[in-house]
Amino acid sequence: MNPVQAKDSEIIKTVIYEVLRYNPAGDRSPHIERYSVPVTKGMTVLDGLLWIKEHKDPTLSWRSSCRMGVCGSCGMFINGLPRLACNNQIVHLHSDRISIKPLPNFDIIRDLVPDLETLFQKHRAVKPYLIRKDRGEQDHPTGEYFQSQQELMNYIQFAYCIKCGLCLSACPTVATSKNYAGPQSLAQGWRYTSDSRDEGAAEREAVLFSEHGVYRCHFAGACSQVCPKGVDPALAIQLAKREAFFKTFGRHRSRPSASVAPPVQNWVPRTDIPKAPEPTVKAKS
Amino acid sequence: MRESKLWSWHILSGVVIAVLLGIHMAIMHMDAVLEILGIGSGDPIRSDAVFYRSRQLYFMITYIILLAAALFHGLYGLRSMLCELSLSRALEKVIGTLCTAVGLVLFIYGSYVAMTVYRMGEVLP
Amino acid sequence: MQNRLSNRLGLWGWLAGGRYGPERYVYALHRLAGLGILAYFLLHIFVTGTRIQGPEKWESTMQFFGTPFFKIGEFLVFLAFAYHAINGIRLILVELALTIGKPGLPTYPYSYSTLRQRPLLIIAMLVAGIVMIIGGADFFWLTK
């Protein structure tokens, strides 16, 4: 049946879900279970899993939350690639067999639930926050930081990361190396280092340019291929290598970091804006 | 950082090898093609051709440069591959030291041979 | 924690991790070629070092290595070098962020660095193929 012409609740086709199951309390090794799932218009892989849980097998476990591709919870290995289950419609996989396994390169807690603790540890290690020499200004700001549109374009793409972990699953270096920082943390390290407001490049060097940092990336490019938000971590890593290369030979032009906006002089409130009404819920004193 | 320096030299040595080893491959393995192009000089591995080249100063110098570049590039690549196999820090350090040691030993040996054969040219006709 | 099952792909991840683009396998082959060249090179230093013992020793060494078995091995090293060198030039350009574009705003369908350097990859593979064919012609076809 043509999925475009079908009514919303009409069953377009039936697919077989082949899901890897593993129960740490009972199973010694994982095994595949098959479920026959009816597909309606616009149904995503996540919708299929929810259907299985409601109608066939309530013990099936996975992580999901927003169901719209912004939280990064539902990363799984679907039909040969790490994908977000909520971001992929079943008909767009062009197959009657939907093979679902937990994300590779992460330990499996149960069924399709990966242990993402290594992802978060590596992310924390790269100090993913703005670091300024003037901590007083950072903690108690007196004004905004000036930043031009061009300076914003240098890093904004890498700020779209939702920490889903698909890139670490795709990376061949992460496949063999426990110590490699991974595309997510290296791209986030570059996101902050290349931010003109940041002054903490030296603090991130120990992670970015160590033996297990950017130099263990060899541009397989798989991370950028699977990123659901178009962050392109491979680009961030190569940009980091480029800057380090020119720095090594003293050809690096260092930019001054963003300055703080001076306090506004002679601020006069506008008189044509009416006062806000009194709040109806009184704050507890 | 140290790793930045090593990697930058890995890249530069790669460029050096691409040029010098490219010439070496052209002389050794494309000699028939070079003959067709008119710049060949017979079988390159006959001993008189080999010793003729060995006695040229420019040859000895480029040989030693190529030897250093190739040893560094190859052994850094090997160390890089081994460091991606989830080994302990101590083992990774041992691998690094071994690669450096092997590289130095082979460099000294290869340079010694090159310089000795070059000086043989000063003694023999 | 209790009973976490390891799902690390290991070396299999270098070869058959999933439906990824060609760059991943080009990189695995680049490493294999590099290992082959390194192994040959370390022996090559010693083999060519025999010239220090004079022309007769050199001639006998070359006779020993002139058999078809070694000739084919040499050709394999030549193939590995052609691939490794030309792919290496491409890697130098890519890893210095010269041919992969600039960061921008991600709008779907996303343009990303892997896609942007693919024309360069195709050119590099074609050039490597041409060099291999010329080398093969010299090794096995054109008489000296």
# chains A, B, ... in the order shown; residues from 1 in each chain; ligands from 1
>>> closest_atom_pairs(of="chain A", to="chain B", cutoff="12 Å", atoms="only C-alpha atoms", output="Markdown table")
| residue | atom | partner | partner_atom | distance |
| --- | --- | --- | --- | --- |
| A:Pro172 | CA | B:Glu84 | CA | 9.9 |
| A:Thr173 | CA | B:Glu84 | CA | 6.6 |
| A:Val174 | CA | B:Glu84 | CA | 8.4 |
| A:Ala175 | CA | B:Leu85 | CA | 9.1 |
| A:Thr176 | CA | B:Leu85 | CA | 5.3 |
| A:Ser177 | CA | B:Ser86 | CA | 4.5 |
| A:Lys178 | CA | B:Ser86 | CA | 5.1 |
| A:Asn179 | CA | B:Ser86 | CA | 6.3 |
| A:Tyr180 | CA | B:Glu84 | CA | 7.3 |
| A:Ala181 | CA | B:Glu84 | CA | 11.1 |
| A:Gly182 | CA | B:Glu84 | CA | 11.7 |
| A:Ala202 | CA | B:Met1 | CA | 10.1 |
| A:Arg204 | CA | B:Met1 | CA | 11.5 |
| A:Glu205 | CA | B:Met1 | CA | 7.8 |
| A:Ala206 | CA | B:Met1 | CA | 8.4 |
| A:Val207 | CA | B:Met1 | CA | 10.8 |
| A:Leu208 | CA | B:Ser4 | CA | 9.9 |
| A:Phe209 | CA | B:Ser4 | CA | 6.3 |
| A:Ser210 | CA | B:Glu3 | CA | 5.9 |
| A:Glu211 | CA | B:Glu3 | CA | 6.1 |
| A:His212 | CA | B:Glu84 | CA | 8.0 |
| A:Gly213 | CA | B:Glu3 | CA | 9.2 |
| A:Val214 | CA | B:Ser4 | CA | 9.4 |
| A:Tyr215 | CA | B:Trp7 | CA | 7.1 |
| A:Arg216 | CA | B:Ser80 | CA | 7.2 |
| A:Cys217 | CA | B:Glu84 | CA | 10.1 |
| A:His218 | CA | B:Ser80 | CA | 10.6 |
| A:Ala240 | CA | B:Ser4 | CA | 10.7 |
| A:Lys241 | CA | B:Ser4 | CA | 8.2 |
| A:Arg242 | CA | B:Ser8 | CA | 9.7 |
| A:Glu243 | CA | B:Ser4 | CA | 10.1 |
| A:Ala244 | CA | B:Ser4 | CA | 6.4 |
| A:Phe245 | CA | B:Ser8 | CA | 5.9 |
| A:Phe246 | CA | B:Ser8 | CA | 8.9 |
| A:Lys247 | CA | B:Ser4 | CA | 9.0 |
| A:Thr248 | CA | B:Lys5 | CA | 6.2 |
| A:Phe249 | CA | B:Lys5 | CA | 8.8 |
| A:Gly250 | CA | B:Lys5 | CA | 11.5 |
>>> interface_residues(of="chain A", to="chain C", cutoff="6 Å", atoms="only C-alpha atoms", output="NGL selection string")
:A and (24 or 80-81 or 104-109 or 153 or 157 or 172 or 175-176 or 220-221 or 230 or 232 or 235 or 238-239 or 242)
>>> closest_atom_pairs(of="chain C", to="chain B", cutoff="10 Å", atoms="only C-alpha atoms", output="Markdown table")
| residue | atom | partner | partner_atom | distance |
| --- | --- | --- | --- | --- |
| C:Gly10 | CA | B:Leu85 | CA | 8.3 |
| C:Leu11 | CA | B:Leu85 | CA | 8.7 |
| C:Arg31 | CA | B:Met81 | CA | 8.2 |
| C:Gly34 | CA | B:Gly74 | CA | 7.3 |
| C:Leu35 | CA | B:Leu78 | CA | 7.3 |
| C:Ile37 | CA | B:Gly74 | CA | 8.3 |
| C:Leu38 | CA | B:Gly74 | CA | 5.9 |
| C:Ala39 | CA | B:Gly74 | CA | 9.3 |
| C:Phe41 | CA | B:Ala70 | CA | 8.5 |
| C:Leu42 | CA | B:Leu106 | CA | 8.1 |
| C:Ile45 | CA | B:Gly110 | CA | 6.5 |
| C:Phe46 | CA | B:Gly110 | CA | 8.1 |
| C:Thr48 | CA | B:Gly110 | CA | 9.0 |
| C:Gly49 | CA | B:Val113 | CA | 6.1 |
| C:Thr50 | CA | B:Val113 | CA | 8.6 |
| C:Arg51 | CA | B:Val117 | CA | 7.6 |
| C:Ile52 | CA | B:Val117 | CA | 5.9 |
| C:Gln53 | CA | B:Val117 | CA | 9.0 |
| C:Gly54 | CA | B:Val117 | CA | 8.7 |
| C:Pro55 | CA | B:Ser47 | CA | 5.7 |
| C:Glu56 | CA | B:Ser47 | CA | 8.1 |
| C:Lys57 | CA | B:Ser47 | CA | 9.5 |
| C:Trp58 | CA | B:Ser47 | CA | 6.6 |
| C:Glu59 | CA | B:Ser47 | CA | 6.3 |
| C:Met62 | CA | B:Ile45 | CA | 7.6 |
| C:Glu74 | CA | B:His29 | CA | 9.3 |
| C:Phe75 | CA | B:His29 | CA | 8.7 |
| C:Phe78 | CA | B:Met25 | CA | 7.7 |
| C:Phe81 | CA | B:Gly22 | CA | 8.9 |
| C:Ala82 | CA | B:Gly22 | CA | 8.7 |
| C:His84 | CA | B:Ala18 | CA | 9.4 |
| C:Ala85 | CA | B:Ala18 | CA | 5.9 |
| C:Ile86 | CA | B:Ala18 | CA | 8.2 |
| C:Gly88 | CA | B:Gly14 | CA | 7.5 |
| C:Ile89 | CA | B:Val15 | CA | 7.5 |
| C:Leu91 | CA | B:Ile11 | CA | 9.3 |
| C:Ile92 | CA | B:Ile11 | CA | 6.7 |
| C:Glu95 | CA | B:Ile11 | CA | 9.6 |
| C:Leu96 | CA | B:Ile11 | CA | 9.8 |
| C:Ile134 | CA | B:Met30 | CA | 7.9 |
| C:Gly135 | CA | B:Met30 | CA | 6.3 |
| C:Gly136 | CA | B:His29 | CA | 9.2 |
| C:Ala137 | CA | B:Val33 | CA | 8.7 |
| C:Asp138 | CA | B:Met30 | CA | 5.6 |
| C:Phe139 | CA | B:His29 | CA | 6.8 |
| C:Trp141 | CA | B:Ala32 | CA | 9.5 |
| C:Leu142 | CA | B:Ala32 | CA | 6.3 |
| C:Thr143 | CA | B:Ala32 | CA | 7.1 |
| C:Lys144 | CA | B:Ala32 | CA | 5.9 |
>>> closest_residue(among="C:Ile133, C:Ser60, C:Phe70, C:Ile122", to="C:Asn87", atoms="only C-alpha atoms")
C:Ile122
>>> residues_around(residues="A:Pro102", least_positions_apart="2", cutoff="6 Å", atoms="only C-alpha atoms", output="PyMOL selection string")
chain A and resi 76-77+112
>>> atom_distance(atom1="atom CA of A:Thr118", atom2="atom CA of A:Ser185")
10.6 Å
>>> select_by_dssp(residues="chain C", states="alpha helix (DSSP H)", output="VMD selection string")
chain C and resid 12 to 16 23 to 49 55 to 64 68 to 95 113 to 116 118 to 140
>>> write_last_selection(atoms="C-alpha atoms", output="tab-separated table (two decimals), in the first residue's frame")
chain	number	residue	atom	x	y	z
C	12	TRP	CA	35.92	-6.11	13.80
C	13	GLY	CA	34.85	-2.45	14.06
C	14	TRP	CA	37.70	-1.48	11.71
C	15	LEU	CA	36.45	-3.87	9.03
C	16	ALA	CA	32.71	-4.52	9.25
C	23	GLU	CA	36.38	6.43	4.05
C	24	ARG	CA	36.37	3.96	6.93
C	25	TYR	CA	37.56	1.06	4.76
C	26	VAL	CA	40.02	3.24	2.85
C	27	TYR	CA	41.55	4.00	6.27
C	28	ALA	CA	41.69	0.31	7.28
C	29	LEU	CA	43.44	-0.52	3.98
C	30	HIS	CA	45.79	2.45	4.50
C	31	ARG	CA	46.87	0.93	7.82
C	32	LEU	CA	47.30	-2.54	6.33
C	33	ALA	CA	49.42	-1.11	3.51
C	34	GLY	CA	51.48	0.86	6.03
C	35	LEU	CA	52.20	-2.24	8.10
C	36	GLY	CA	53.22	-4.14	4.98
C	37	ILE	CA	55.54	-1.35	3.86
C	38	LEU	CA	57.07	-1.07	7.35
C	39	ALA	CA	57.77	-4.79	7.54
C	40	TYR	CA	59.38	-4.74	4.07
C	41	PHE	CA	61.33	-1.57	4.91
C	42	LEU	CA	62.89	-2.93	8.10
C	43	LEU	CA	64.17	-5.94	6.15
C	44	HIS	CA	65.14	-3.75	3.19
C	45	ILE	CA	67.62	-1.80	5.35
C	46	PHE	CA	69.48	-5.02	6.09
C	47	VAL	CA	69.26	-6.45	2.56
C	48	THR	CA	70.61	-3.28	0.96
C	49	GLY	CA	73.15	-3.06	3.76
C	55	PRO	CA	79.96	-5.85	-5.48
C	56	GLU	CA	80.17	-9.69	-5.43
C	57	LYS	CA	78.14	-9.93	-2.21
C	58	TRP	CA	75.65	-7.46	-3.71
C	59	GLU	CA	75.25	-9.48	-6.90
C	60	SER	CA	74.65	-12.72	-4.99
C	61	THR	CA	72.09	-11.00	-2.74
C	62	MET	CA	70.25	-9.64	-5.79
C	63	GLN	CA	70.34	-13.09	-7.40
C	64	PHE	CA	68.75	-14.58	-4.28
C	68	PRO	CA	59.56	-14.71	-9.12
C	69	PHE	CA	58.35	-15.23	-5.52
C	70	PHE	CA	60.26	-12.16	-4.35
C	71	LYS	CA	59.42	-10.23	-7.51
C	72	ILE	CA	55.72	-10.63	-6.81
C	73	GLY	CA	56.32	-9.62	-3.19
C	74	GLU	CA	58.12	-6.50	-4.41
C	75	PHE	CA	55.20	-5.70	-6.68
C	76	LEU	CA	52.81	-5.99	-3.72
C	77	VAL	CA	54.99	-3.54	-1.80
C	78	PHE	CA	54.90	-1.20	-4.81
C	79	LEU	CA	51.09	-1.43	-4.89
C	80	ALA	CA	50.93	-0.77	-1.14
C	81	PHE	CA	53.24	2.25	-1.52
C	82	ALA	CA	51.23	3.73	-4.42
C	83	TYR	CA	48.00	3.41	-2.41
C	84	HIS	CA	49.49	4.57	0.90
C	85	ALA	CA	51.29	7.58	-0.59
C	86	ILE	CA	48.40	8.91	-2.64
C	87	ASN	CA	45.82	8.28	0.08
C	88	GLY	CA	48.33	9.82	2.50
C	89	ILE	CA	48.44	13.04	0.49
C	90	ARG	CA	44.64	13.12	0.62
C	91	LEU	CA	44.74	12.49	4.41
C	92	ILE	CA	47.21	15.34	4.92
C	93	LEU	CA	44.87	17.71	3.07
C	94	VAL	CA	41.81	16.48	5.00
C	95	GLU	CA	43.43	16.39	8.45
C	113	SER	CA	32.94	17.00	6.02
C	114	THR	CA	32.85	13.35	4.95
C	115	LEU	CA	30.57	14.12	2.02
C	116	ARG	CA	32.50	17.23	1.04
C	118	ARG	CA	34.38	12.49	-1.27
C	119	PRO	CA	35.27	13.91	-4.73
C	120	LEU	CA	38.87	14.16	-3.48
C	121	LEU	CA	38.70	10.53	-2.34
C	122	ILE	CA	37.50	9.41	-5.77
C	123	ILE	CA	40.26	11.36	-7.51
C	124	ALA	CA	42.88	9.91	-5.14
C	125	MET	CA	41.71	6.33	-5.77
C	126	LEU	CA	41.77	6.90	-9.54
C	127	VAL	CA	45.29	8.34	-9.45
C	128	ALA	CA	46.47	5.47	-7.24
C	129	GLY	CA	44.91	3.01	-9.69
C	130	ILE	CA	46.71	4.61	-12.63
C	131	VAL	CA	50.06	4.50	-10.82
C	132	MET	CA	49.48	0.84	-9.93
C	133	ILE	CA	48.71	-0.03	-13.55
C	134	ILE	CA	51.85	1.75	-14.81
C	135	GLY	CA	53.90	-0.04	-12.18
C	136	GLY	CA	52.35	-3.38	-13.09
C	137	ALA	CA	53.13	-2.77	-16.72
C	138	ASP	CA	56.75	-2.08	-15.84
C	139	PHE	CA	57.05	-5.07	-13.54
C	140	PHE	CA	55.51	-7.72	-15.70
>>> residues_around(residues="A:Lys41", least_positions_apart="5", cutoff="10 Å", atoms="only C-alpha atoms", output="compact mmCIF listing (two decimals) with C-alpha atoms, in the first residue's frame")
# COMPACT_ATOMS: atom_id res chain seq x y z
CA ASN A 2 1.29 3.47 -0.79
CA PRO A 3 2.29 5.00 2.55
CA VAL A 4 1.56 8.51 1.27
CA GLN A 5 -2.05 7.73 0.31
CA ALA A 6 -2.94 5.56 3.33
CA LYS A 7 -5.25 6.89 6.03
CA ASP A 8 -3.56 7.51 9.38
CA SER A 9 -4.67 4.29 11.05
CA GLU A 10 -4.53 1.98 8.03
CA ILE A 11 -1.95 -0.75 8.21
CA ILE A 12 0.46 -0.22 5.31
CA LYS A 13 2.47 -3.39 5.82
CA GLN A 89 10.33 6.08 10.06
CA ILE A 90 9.97 2.35 9.45
CA VAL A 91 9.06 2.81 5.77
